[in-house]
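Q: Here it is, the structure, as structure tokens.
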Amino acid sequence: MIRFWGPRILFLGFGNVGRRVVEILADPAKYPRIEDLGDYLVVGIVTRSHGATLNPRGLDLKRVLEEWNREGRFRGEVDAATAIRETNHNLVVEMTPLDIPGRGAEAIRHIRLALEDGSDVITCNKGPVAWAWHELRELAYDKGRGIVCETTVMDGVPVFNLVQRSLKGNRILKLEGILNSTTNYVLGEMEKGVSLEEAVAGAQRLGVAEADPTYDLEGWDAAVKVAALANVLFRPGAELRPEKVERDSLRSVTPERIREAAARGARLKVVCETWRESYHQVTGRVKIREIPLTDPFALVSGTSSILRVTTDIAGKIVITEEDPDLSTTAYGVISDLFRLREGF
Ligand SMILES: NC(=O)c1ccc[n+]([C@@H]2O[C@H](COP(=O)([O-])OP(=O)(O)OC[C@H]3O[C@@H](n4cnc5c(N)ncnc54)[C@H](OP(=O)(O)O)[C@@H]3O)[C@@H](O)[C@H]2O)c1
């Protein structure tokens, strides 16, 4: 059933993802099915240090992109919390960066404020899903609002939609996947004889790895995804924090170990796993595993990713994402817009 729909959208963040979302929304001639969203207004876009642009009557997105491309910033100045409090919106899209040391605190504050204010929320930021999902979902429930997060794991691939909508009636027994591009790319390069350091530098040149790759190499980014999957998809809900997810470090992988795996007809992969140990206990881990070449996980290279969902009735379902780009990620936000439109 289509719910009342007339969103007044406030974007928090205008980086890689935010810009691509706006480019898609601004070009219905190229993406004609976007019109199925119906009427909506983008009433504001806020960044941290590149200004803000607000218009209660709705921004002209083509002009927004022109201003950005010309000036490299917006002229207005307002911070996210003030914009949430003071603009008339009913949907906030949280697209600020993942903050692992701060356990997502700032993004969690944005979402709390938005929900208290009576807005629906889309978050691309994994932090709030990994560290505060149950609190935020309960707040959303109390306020009669929705909170959705399709972009947080496997970009725009419908992971949460698949499990929550298409696999209804199943109990989810286990989720396992290759979900971190940096480590998957680096392992692929090491198989070709490249050292860990050179492979990381190559990933940085391609824009796959961050300037500081520690959170990827030490499994933190993957642990945050494991927590997000467990918190959202297990029922009754898990409250798995990234700190409780056991992690292997990629720095422990040597060329010998890669060669030994190859000799046994296998590839090393960083596998994210979470499963229900008992009614009250959900376990998560990020493990470097030898994957036989006959397993679909062995076929996933570079920035591609894969998730296997084990259910009690429908058995095992595998979904892959091949060579994602920013449009794949931006589609996560677009699909969440449709999901909110259709009820959550
Ligand atoms: N890139 C991907 O492919 C991808 C895939 C899946 C999920 N995600 C997630 O999506 C989110 C956005 O990613 P991205 O690649 O677009 O990041 P990004 O390029 O670093 O952009 C982040 C944006 O957030 C703004 N920002 C930071 N702190 C803010 C604050 N307190 N208030 C308002 N704006 C703030 C930044 O403004 P300034 O530039 O002025 O600091 C910038 O506009 C992240 O959480 C990321 O993990 C990204």
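Residues are referred to by chain and number: the chain letter is A, B, ... according to the order shown in the structure tokens, the number counts from 1 in that chain, and ligands are numbered separately from 1 in the order shown.
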Taking the chain letters and numbering used in this document, name the residues of region 67-282 of chain A that DSSP puts in alpha helix (DSSP H), as a VMD selection string.
A: chain A and resid 67 to 71 80 to 86 105 to 116 126 to 143 159 to 161 181 to 191 196 to 205 214 to 217 220 to 233 255 to 263
Q: Give the residues close to ligand 1, within 6 Å, counting only C-alpha atoms and all ligand atoms; write them as a PyMOL selection string.
A: chain A and resi 12-18+46-50+80+95-98+124-125+151-152+155+326+329
Q: So which one's closest to Glu189 (chain A), A:Val129, A:Phe297, A:Gly202, A:Leu61? Using only C-alpha atoms, please.
A: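 Distance minimum relative to Glu189 (chain A) lands on A:Gly202.
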Q: So what do you get for CA of Asp36 (chain A) versus CA of Phe344 (chain A), distance-wise?
A: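 Computing it gives 17.2 Å between the two atoms.
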Q: Rank nothing, just name the residue among A:Ala262, A:Gly169, A:Pro158, A:Thr303 nearest to Ala209 (chain A), using only C-alpha atoms.
A: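 Of A:Ala262, A:Gly169, A:Pro158, A:Thr303, the one nearest Ala209 (chain A) is A:Thr303, counting only C-alpha atoms.
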Q: Between CA of Lys30 (chain A) and CA of Leu10 (chain A), what distance in Å does the model show, to one decimal?
A: 23.6 Å
Q: CA of Val224 (chain A) and CA of Leu167 (chain A), how far apart in Å?
A: 23.4 Å
Q: Go through region 170-270 of chain A and flag each residue having an atom no more than 9 Å from region 100-114 of chain A; for those, report the closest pair of atoms plus their distance in Å to one decimal, using only C-alpha atoms, ordered by chain and rising number, as a tab-separated table.
A:
```
residue	atom	partner	partner_atom	distance
A:Tyr215	CA	A:Ile100	CA	8.1
A:Trp220	CA	A:Ile100	CA	7.8
A:Asp221	CA	A:Ile100	CA	8.1
A:Val224	CA	A:Ile100	CA	8.4
```
